[in-house]
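Colleague: I'm passing along structure29.cif; it holds mmCIF, C-alpha atoms.
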data_target
loop_
_atom_site.label_atom_id
_atom_site.label_comp_id
_atom_site.auth_asym_id
_atom_site.auth_seq_id
_atom_site.Cartn_x
_atom_site.Cartn_y
_atom_site.Cartn_z
CA PHE A 1 -136.60 32.53 -50.18
CA TRP A 2 -139.60 31.45 -52.21
CA PHE A 3 -141.44 30.25 -49.10
CA LEU A 4 -141.52 33.79 -47.68
CA ALA A 5 -142.98 35.38 -50.79
CA GLY A 6 -146.23 36.49 -49.12
CA ALA A 7 -144.79 37.60 -45.79
CA SER A 8 -143.58 41.13 -45.30
CA GLU A 9 -140.72 41.98 -42.96
CA LYS A 10 -143.27 43.39 -40.52
CA ASP A 11 -145.21 40.08 -40.53
CA ILE A 12 -142.03 38.12 -39.84
CA VAL A 13 -141.05 40.40 -36.95
CA TYR A 14 -144.53 40.26 -35.41
CA SER A 15 -144.59 36.48 -35.77
CA GLY A 16 -141.24 36.16 -33.98
CA LEU A 17 -142.38 38.56 -31.28
CA ALA A 18 -145.61 36.63 -30.72
CA TYR A 19 -143.68 33.36 -30.43
CA THR A 20 -141.18 34.85 -27.97
CA MET A 21 -143.94 36.35 -25.82
CA GLU A 22 -145.82 33.02 -25.75
CA GLN A 23 -142.73 31.12 -24.65
CA SER A 24 -141.90 33.71 -21.98
CA ALA A 25 -145.47 33.64 -20.63
CA LYS A 26 -145.35 29.84 -20.42
CA GLN A 27 -142.05 29.97 -18.53
CA ILE A 28 -143.41 32.56 -16.10
CA MET A 29 -146.57 30.52 -15.46
CA THR A 30 -144.46 27.42 -14.87
CA VAL A 31 -142.30 29.26 -12.32
CA ALA A 32 -145.41 30.69 -10.63
CA ALA A 33 -146.82 27.18 -10.25
CA ARG A 34 -143.50 25.73 -9.04
CA TYR A 35 -143.19 28.30 -6.23
CA ASN A 36 -146.92 28.51 -5.39
CA LEU A 37 -147.12 32.19 -6.32
CA GLY A 38 -150.70 32.14 -7.52
CA LEU A 39 -151.29 35.17 -9.74
CA ASP A 40 -148.14 37.06 -8.70
CA GLN A 41 -146.70 37.22 -12.21
CA ARG A 42 -144.20 39.98 -11.40
CA THR A 43 -142.43 37.86 -8.79
CA ALA A 44 -142.61 34.83 -11.07
CA ALA A 45 -140.99 36.80 -13.90
CA TYR A 46 -138.27 38.01 -11.54
CA LEU A 47 -137.57 34.46 -10.34
CA CYS A 48 -137.55 33.24 -13.94
CA ALA A 49 -134.88 35.82 -14.79
CA LEU A 50 -132.84 34.91 -11.70
CA GLU A 51 -132.97 31.22 -12.63
CA LYS A 52 -131.68 32.03 -16.11
CA VAL A 53 -128.81 34.12 -14.71
CA PHE A 54 -127.94 31.38 -12.21
CA THR A 55 -127.95 28.75 -14.97
CA VAL A 56 -125.51 30.78 -17.08
CA TYR A 57 -123.21 31.42 -14.11
CA ASN A 58 -123.39 27.77 -13.06
CA GLU A 59 -122.52 26.53 -16.55
CA ALA A 60 -119.63 29.00 -16.72
CA GLY A 61 -118.30 27.68 -13.40
CA PHE A 62 -118.78 30.87 -11.38
CA THR A 63 -120.86 29.24 -8.63
CA TYR A 64 -119.60 27.00 -5.88
#
Would you mind writing the file's structure down as structure tokens?
Modeller:
Amino acid sequence: FWFLAGASEKDIVYSGLAYTMEQSAKQIMTVAARYNLGLDQRTAAYLCALEKVFTVYNEAGFTY
């Protein structure tokens, strides 16, 4: 892994965490806009999680 020579394990973990948090924040803001929630980020995050659970159940064939 010559391309990771300068990065420590801590740097790699923090980089992955920052990326994951950015993507999650974008998803939450998208859901907040879709449902006209304004700045209610808690409800938007809850709806985002519910949509993910529904998608998994739907793809597994558990919904009707």
Colleague: Which residue gives the smallest distance to Cys48 in chain A among A:Val13, A:Ala32, A:Ala7, A:Ala18, with all atoms listed in the file counted?
Modeller: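 Nearest candidate to Cys48 in chain A out of A:Val13, A:Ala32, A:Ala7, A:Ala18: A:Ala32.
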Colleague: Just how far from CA of Thr30 in chain A is CA of Glu59 in chain A, in Å to one decimal?
Modeller: 22.0 Å
Colleague: Exactly which residues make up the result of the PyMOL selection byres ((chain A and resi 22-24) around 12) on this file, given as a count of residues only?
Modeller: 21
Colleague: In Å, how far is it from CA of Thr63 in chain A to CA of Leu47 in chain A?
Modeller: 17.6 Å
Colleague: Could you tell me how far CA of Gly38 in chain A lies from CA of Glu51 in chain A, in Å and to one decimal?
Modeller: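 Separating CA of Gly38 in chain A from CA of Glu51 in chain A is a distance of 18.5 Å.
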